[in-house]
file start.csv (CSV, C-alpha atoms and all ligand atoms)
chain,number,residue,atom,x,y,z
A,6,MET,CA,37.0,-14.3,-29.6
A,7,LEU,CA,39.1,-17.2,-30.6
A,8,LYS,CA,39.4,-17.2,-34.4
A,9,VAL,CA,39.4,-20.8,-35.7
A,10,VAL,CA,40.3,-22.2,-39.1
A,11,VAL,CA,39.1,-25.8,-39.7
A,12,CYS,CA,41.0,-28.0,-42.1
A,13,VAL,CA,39.1,-31.0,-43.6
A,14,SER,CA,39.4,-33.6,-46.3
A,15,GLY,CA,36.1,-35.4,-46.6
A,16,GLY,CA,32.6,-35.6,-45.2
A,17,GLY,CA,33.1,-33.1,-42.4
A,18,THR,CA,31.0,-34.6,-39.7
A,19,ASN,CA,33.5,-33.3,-37.1
A,20,LEU,CA,33.3,-29.8,-38.7
A,21,GLN,CA,29.5,-30.1,-38.4
A,22,ALA,CA,29.8,-31.0,-34.8
A,23,ILE,CA,31.9,-27.9,-34.3
A,24,LEU,CA,29.4,-25.6,-36.2
A,25,ASP,CA,26.5,-27.1,-34.2
A,26,ALA,CA,28.3,-26.6,-30.9
A,27,VAL,CA,29.0,-22.9,-31.8
A,28,ASP,CA,25.3,-22.5,-32.7
A,29,ASN,CA,23.9,-24.1,-29.6
A,30,GLY,CA,26.4,-22.5,-27.2
A,31,GLN,CA,28.4,-25.5,-26.2
A,32,ILE,CA,31.4,-23.6,-27.7
A,33,THR,CA,31.6,-20.0,-26.6
A,34,ASN,CA,33.9,-17.1,-27.3
A,35,THR,CA,34.8,-18.6,-30.7
A,36,GLU,CA,34.3,-17.7,-34.4
A,37,ILE,CA,34.9,-20.2,-37.2
A,38,VAL,CA,36.6,-17.8,-39.7
A,39,GLY,CA,37.4,-20.2,-42.4
A,40,VAL,CA,37.4,-23.8,-43.7
A,41,ILE,CA,40.2,-25.2,-45.9
A,42,SER,CA,40.0,-28.5,-47.8
A,43,ASN,CA,42.6,-30.3,-49.8
A,44,ASN,CA,39.8,-32.0,-51.7
A,45,ALA,CA,37.5,-30.0,-54.1
A,46,GLY,CA,34.8,-32.7,-53.7
A,47,ALA,CA,34.7,-32.6,-49.9
A,48,TYR,CA,31.2,-32.4,-48.6
A,49,ALA,CA,32.7,-30.4,-45.7
A,50,LEU,CA,33.0,-27.4,-48.1
A,51,GLU,CA,29.2,-27.4,-48.5
A,52,ARG,CA,28.7,-27.6,-44.8
A,53,ALA,CA,30.8,-24.4,-44.4
A,54,ALA,CA,29.0,-22.7,-47.3
A,55,ALA,CA,25.6,-23.5,-45.7
A,56,LYS,CA,26.8,-21.4,-42.7
A,57,ASN,CA,28.3,-18.6,-44.9
A,58,ILE,CA,31.7,-19.5,-43.7
A,59,PRO,CA,34.5,-18.8,-46.2
A,60,ALA,CA,35.6,-22.1,-47.6
A,61,VAL,CA,38.5,-22.7,-49.9
A,62,CYS,CA,40.1,-25.7,-51.6
A,63,ILE,CA,43.8,-25.9,-51.7
A,64,SER,CA,44.7,-29.2,-53.5
A,65,PRO,CA,48.1,-30.8,-54.1
A,66,LYS,CA,46.8,-31.6,-57.6
A,67,ASP,CA,46.9,-27.9,-58.5
A,68,TYR,CA,50.6,-27.6,-57.6
A,69,GLU,CA,53.7,-29.0,-59.4
A,70,THR,CA,55.6,-29.9,-56.3
A,71,ARG,CA,54.8,-30.7,-52.7
A,72,GLU,CA,56.8,-27.6,-51.6
A,73,LEU,CA,54.6,-25.3,-53.7
A,74,PHE,CA,51.4,-26.9,-52.2
A,75,ASN,CA,52.8,-26.5,-48.7
A,76,GLU,CA,53.5,-22.8,-49.4
A,77,ALA,CA,50.0,-22.3,-50.7
A,78,LEU,CA,48.4,-24.2,-47.8
A,79,LEU,CA,50.4,-22.2,-45.3
A,80,ALA,CA,49.5,-18.9,-47.0
A,81,GLY,CA,45.9,-20.0,-47.1
A,82,VAL,CA,45.8,-20.6,-43.4
A,83,HIS,CA,47.7,-17.3,-42.6
A,84,LYS,CA,45.2,-15.4,-44.7
A,85,PHE,CA,42.5,-16.1,-42.1
A,86,GLU,CA,44.8,-14.9,-39.2
A,87,PRO,CA,43.5,-17.7,-36.9
A,88,ASP,CA,44.3,-18.1,-33.2
A,89,LEU,CA,43.7,-21.9,-33.6
A,90,VAL,CA,43.9,-24.3,-36.5
A,91,VAL,CA,41.7,-27.4,-36.1
A,92,LEU,CA,42.5,-30.5,-38.1
A,93,ALA,CA,39.1,-32.2,-38.3
A,94,GLY,CA,39.7,-35.2,-40.6
A,95,PHE,CA,42.5,-33.4,-42.5
A,96,LEU,CA,44.4,-36.3,-44.1
A,97,VAL,CA,47.4,-34.3,-45.3
A,98,ASN,CA,50.8,-34.1,-43.7
A,99,ILE,CA,51.1,-30.6,-42.2
A,100,PRO,CA,54.1,-28.7,-43.5
A,101,PRO,CA,56.8,-28.3,-40.8
A,102,GLN,CA,56.7,-24.5,-41.3
A,103,MET,CA,53.0,-24.6,-40.3
A,104,VAL,CA,53.7,-26.4,-37.1
A,105,SER,CA,56.3,-23.8,-36.1
A,106,ASP,CA,54.3,-20.8,-37.2
A,107,PHE,CA,51.4,-22.1,-35.1
A,108,LYS,CA,53.2,-23.7,-32.3
A,109,ASN,CA,50.7,-25.1,-29.8
A,110,ARG,CA,47.9,-23.6,-31.8
A,111,ILE,CA,47.1,-26.6,-34.0
A,112,ILE,CA,44.9,-29.4,-32.7
A,113,ASN,CA,43.9,-32.7,-34.3
A,114,ILE,CA,41.2,-35.3,-33.8
A,115,HIS,CA,42.3,-38.9,-34.2
A,116,PRO,CA,39.9,-41.9,-34.1
A,117,SER,CA,41.7,-44.1,-31.6
A,118,LEU,CA,43.2,-44.0,-28.1
A,119,ILE,CA,46.7,-42.7,-28.9
A,120,PRO,CA,49.3,-44.3,-28.7
A,121,SER,CA,47.3,-47.3,-30.2
A,122,PHE,CA,46.5,-47.3,-33.9
A,123,CYS,CA,48.1,-44.0,-34.7
A,124,GLY,CA,51.1,-42.7,-36.7
A,125,LYS,CA,52.0,-43.2,-40.3
A,126,GLY,CA,49.3,-45.1,-42.3
A,127,PHE,CA,46.6,-45.0,-39.6
A,128,TYR,CA,43.9,-42.6,-40.8
A,129,GLY,CA,40.2,-42.8,-41.4
A,130,LEU,CA,38.8,-46.3,-41.7
A,131,LYS,CA,42.3,-47.9,-41.5
A,132,VAL,CA,42.4,-47.1,-37.8
A,133,HIS,CA,39.2,-49.1,-37.1
A,134,GLU,CA,40.4,-51.9,-39.3
A,135,GLY,CA,43.5,-52.1,-37.2
A,136,ALA,CA,41.6,-52.1,-34.0
A,137,LEU,CA,39.3,-54.9,-35.1
A,138,GLU,CA,42.1,-57.0,-36.5
A,139,ARG,CA,43.9,-56.7,-33.1
A,140,GLY,CA,40.7,-57.6,-31.3
A,141,VAL,CA,40.8,-54.7,-28.8
A,142,LYS,CA,37.6,-54.5,-26.7
A,143,VAL,CA,37.9,-50.8,-26.1
A,144,THR,CA,38.9,-48.0,-28.6
A,145,GLY,CA,38.0,-44.3,-28.7
A,146,ALA,CA,39.3,-41.0,-29.9
A,147,THR,CA,42.0,-38.5,-28.9
A,148,VAL,CA,42.3,-34.8,-29.4
A,149,HIS,CA,45.8,-33.5,-29.2
A,150,PHE,CA,48.1,-30.7,-30.1
A,151,VAL,CA,50.1,-31.1,-33.3
A,152,ASP,CA,53.8,-31.2,-33.1
A,153,ASP,CA,56.5,-32.3,-35.6
A,154,GLY,CA,55.6,-36.0,-35.5
A,155,THR,CA,52.5,-37.9,-36.6
A,156,ASP,CA,50.0,-38.1,-33.7
A,157,THR,CA,52.7,-37.4,-31.2
A,158,GLY,CA,51.7,-34.1,-29.7
A,159,PRO,CA,50.4,-33.4,-26.1
A,160,ILE,CA,47.0,-35.0,-25.5
A,161,ILE,CA,44.1,-32.8,-24.5
A,162,PHE,CA,41.2,-35.2,-24.2
A,163,GLN,CA,40.5,-38.9,-24.8
A,164,LYS,CA,37.3,-40.8,-24.7
A,165,ALA,CA,36.9,-44.5,-24.7
A,166,VAL,CA,34.3,-46.4,-26.8
A,167,GLU,CA,33.3,-50.0,-26.5
A,168,VAL,CA,34.0,-52.4,-29.4
A,169,LYS,CA,31.0,-54.7,-29.9
A,170,GLU,CA,30.7,-58.2,-31.2
A,171,GLY,CA,30.1,-58.2,-35.0
A,172,ASP,CA,31.4,-54.6,-35.5
A,173,THR,CA,32.6,-53.8,-39.0
A,174,PRO,CA,35.1,-51.0,-39.5
A,175,LYS,CA,32.3,-48.7,-40.7
A,176,VAL,CA,30.0,-49.5,-37.7
A,177,LEU,CA,32.9,-48.9,-35.3
A,178,GLN,CA,33.9,-45.7,-37.0
A,179,GLN,CA,30.4,-44.3,-36.7
A,180,ARG,CA,30.2,-45.2,-33.0
A,181,VAL,CA,33.6,-43.7,-32.3
A,182,MET,CA,32.5,-40.5,-34.0
A,183,GLU,CA,29.1,-40.3,-32.2
A,184,GLU,CA,30.3,-41.2,-28.7
A,185,ALA,CA,33.8,-39.7,-28.7
A,186,GLU,CA,34.9,-37.4,-31.6
A,187,TRP,CA,31.9,-35.2,-31.8
A,188,VAL,CA,32.1,-34.7,-28.0
A,189,ILE,CA,35.7,-34.2,-27.3
A,190,LEU,CA,36.6,-32.0,-30.3
A,191,PRO,CA,34.1,-29.3,-29.6
A,192,LYS,CA,34.9,-29.5,-25.9
A,193,ALA,CA,38.6,-29.0,-26.6
A,194,ILE,CA,37.9,-25.9,-28.7
A,195,ASN,CA,35.6,-24.5,-26.0
A,196,ASP,CA,38.2,-25.1,-23.3
A,197,ILE,CA,40.9,-23.5,-25.4
A,198,ALA,CA,38.7,-20.5,-26.2
A,199,ASN,CA,38.0,-20.1,-22.5
A,200,GLY,CA,41.5,-20.4,-21.2
A,201,LYS,CA,41.0,-23.8,-19.6
A,202,VAL,CA,43.7,-25.7,-21.5
A,203,LYS,CA,47.2,-25.4,-20.3
A,204,ILE,CA,49.8,-25.8,-23.0
A,205,GLY,CA,53.2,-27.3,-22.5
A,206,GLY,CA,54.1,-30.9,-21.8
A,207,ASN,CA,51.2,-33.3,-21.7
A,208,VAL,CA,48.0,-31.5,-20.6
B,301,LIG,C1,37.4,-38.8,-38.5
B,301,LIG,O1,37.1,-40.1,-38.0
B,301,LIG,C2,38.7,-38.3,-38.0
B,301,LIG,O2,38.9,-38.7,-36.7
B,301,LIG,C3,39.7,-39.0,-38.9
B,301,LIG,O3,39.0,-38.9,-40.2
B,301,LIG,C4,37.6,-38.9,-40.0
B,301,LIG,C5,37.0,-37.7,-40.7
B,301,LIG,O4,35.6,-37.7,-40.7
B,301,LIG,N1,41.0,-38.5,-38.9
B,301,LIG,C6,42.1,-39.2,-38.9
B,301,LIG,O5,42.1,-40.4,-39.2
B,301,LIG,C7,43.4,-38.4,-38.8
B,301,LIG,N2,44.5,-39.2,-38.6
B,301,LIG,P1,34.8,-36.4,-41.0
B,301,LIG,O6,35.3,-35.7,-42.3
B,301,LIG,O7,33.4,-36.9,-41.1
B,301,LIG,O8,35.0,-35.5,-39.8
call {"tool": "encode", "arguments": {"input": "start.csv", "output": "structure tokens", "more": "lines below"}}
Ligand code: GAR
result
Amino acid sequence: MLKVVVCVSGGGTNLQAILDAVDNGQITNTEIVGVISNNAGAYALERAAAKNIPAVCISPKDYETRELFNEALLAGVHKFEPDLVVLAGFLVNIPPQMVSDFKNRIINIHPSLIPSFCGKGFYGLKVHEGALERGVKVTGATVHFVDDGTDTGPIIFQKAVEVKEGDTPKVLQQRVMEEAEWVILPKAINDIANGKVKIGGNV
């Protein structure tokens, strides 16, 4: 059984997609052992509680310095003894220590086709605003391993999504979630749990 911790910041629709995929057998050999949010008001915490999954909030607001928050976050993750950490809309910079403690065992979902519209400042709705401003006709989502950089780790899966005439950032965000994120994130977890993802270099 792959023990997975999911880190979230907001609504948690990707978390829900993972929980549903575990329930309906699209993800096998996997147990979601905990959910961590940096935001006490995150609806994702309720989604976890509804499934009786231990859910904790570790917020930077509760710590005097970033270093103390980083230590608490790292300790919080270690407590669950996970095999894999999934960043599912976790809008916090991961402490470097966490990346080295869980080398090749942290994955992230990003709502664009990396290397477009990624890196510092590109998160959530801003990614889709950027895509619409540039006028791209195709966007999508990427699931990748997390390394020391921002959105720079080896890519596991990408899925393209069409941009349509008249799209607003919110409309495009929803389409990218439905057609790409909620598909490739559960698939990546299932493939890792079942030894189908090779780690090292670009996969
Ligand atoms: C998702 O679109 C995810 O790809 C994005 O935040 C949203 C979270 O939604 N993540 C990033 O932008 C990371 N750079 P959710 O809470 O409903 O899953």
call {"tool": "closest_atom_pairs", "arguments": {"input": "start.csv", "of": "segment 20-122 of chain A", "to": "segment 151-174 of chain A", "cutoff": "12 Å", "atoms": "all atoms listed in the file", "output": "tab-separated table"}}
result
residue	atom	partner	partner_atom	distance
A:Leu89	CA	A:Val151	CA	11.2
A:Val90	CA	A:Val151	CA	9.7
A:Val91	CA	A:Val151	CA	9.6
A:Leu92	CA	A:Val151	CA	9.0
A:Leu96	CA	A:Thr155	CA	11.2
A:Val97	CA	A:Thr155	CA	10.7
A:Asn98	CA	A:Thr155	CA	8.2
A:Ile99	CA	A:Asp153	CA	8.7
A:Pro100	CA	A:Asp153	CA	9.0
A:Pro101	CA	A:Asp153	CA	6.6
A:Gln102	CA	A:Asp153	CA	9.7
A:Met103	CA	A:Asp153	CA	9.7
A:Val104	CA	A:Asp152	CA	6.2
A:Ser105	CA	A:Asp152	CA	8.4
A:Asp106	CA	A:Asp152	CA	11.2
A:Phe107	CA	A:Val151	CA	9.3
A:Lys108	CA	A:Asp152	CA	7.6
A:Asn109	CA	A:Val151	CA	7.0
A:Arg110	CA	A:Val151	CA	8.0
A:Ile111	CA	A:Val151	CA	5.5
A:Ile112	CA	A:Val151	CA	5.5
A:Asn113	CA	A:Val151	CA	6.5
A:Ile114	CA	A:Asp156	CA	9.2
A:His115	CA	A:Asp156	CA	7.8
A:Pro116	CA	A:Gln163	CA	9.8
A:Ser117	CA	A:Ala165	CA	8.4
A:Leu118	CA	A:Gln163	CA	6.6
A:Ile119	CA	A:Asp156	CA	7.4
A:Pro120	CA	A:Asp156	CA	8.0
A:Ser121	CA	A:Asp156	CA	10.2
A:Phe122	CA	A:Asp156	CA	9.8
call {"tool": "residues_around", "arguments": {"input": "start.csv", "residues": "segment 11-15 of chain A", "least_positions_apart": "5", "cutoff": "10 Å", "atoms": "only C-alpha atoms", "output": "MDAnalysis selection string"}}
result
chainID A and resid 20 23 37:50 53 60:62 64 82 87 89:97 111:113 129
call {"tool": "atom_distance", "arguments": {"input": "start.csv", "atom1": "atom CA of Lys125 of chain A", "atom2": "atom C6 of ligand LIG 301 (chain B)"}}
result
10.8 Å
call {"tool": "atom_distance", "arguments": {"input": "start.csv", "atom1": "atom CA of Asn34 of chain A", "atom2": "atom CA of Asp88 of chain A"}}
result
12.0 Å
call {"tool": "residues_around", "arguments": {"input": "start.csv", "residues": "Asp196 of chain A", "least_positions_apart": "5", "cutoff": "10 Å", "atoms": "all atoms listed in the file", "output": "JSON, numbers by chain"}}
result
{"A": [32, 33, 34, 161, 190, 191, 201, 202, 203]}
call {"tool": "closest_residue", "arguments": {"input": "start.csv", "among": "A:Ile204, A:Arg180, A:Val9, A:Ile194", "to": "Glu86 of chain A", "atoms": "all atoms listed in the file"}}
result
A:Val9
call {"tool": "closest_residue", "arguments": {"input": "start.csv", "among": "A:Gly17, A:Gly140, A:Pro59, A:Gly145", "to": "ligand LIG 301 (chain B)", "atoms": "all atoms listed in the file"}}
result
A:Gly17
call {"tool": "closest_residue", "arguments": {"input": "start.csv", "among": "A:Lys142, A:Arg71, A:Lys192, A:His133", "to": "ligand LIG 301 (chain B)", "atoms": "only C-alpha atoms and all ligand atoms"}}
result
A:His133
call {"tool": "atom_distance", "arguments": {"input": "start.csv", "atom1": "atom CA of Ile189 of chain A", "atom2": "atom CA of Gly81 of chain A"}}
result
26.4 Å
call {"tool": "closest_residue", "arguments": {"input": "start.csv", "among": "A:Glu36, A:Glu134, A:Glu186, A:Asp67", "to": "Lys8 of chain A", "atoms": "only C-alpha atoms"}}
result
A:Glu36
call {"tool": "closest_residue", "arguments": {"input": "start.csv", "among": "A:Arg139, A:Lys56, A:His149, A:Lys131", "to": "ligand LIG 301 (chain B)", "atoms": "only C-alpha atoms and all ligand atoms"}}
result
A:Lys131
call {"tool": "closest_residue", "arguments": {"input": "start.csv", "among": "A:Ala55, A:Ala80, A:Leu177, A:Val10", "to": "ligand LIG 301 (chain B)", "atoms": "only C-alpha atoms and all ligand atoms"}}
result
A:Leu177
call {"tool": "residues_near_point", "arguments": {"input": "start.csv", "point": "(38.0, -17.0, -28.2)", "cutoff": "7 Å", "atoms": "all atoms listed in the file", "output": "number ranges by chain"}}
result
A: 6-8, 34-35, 198-199
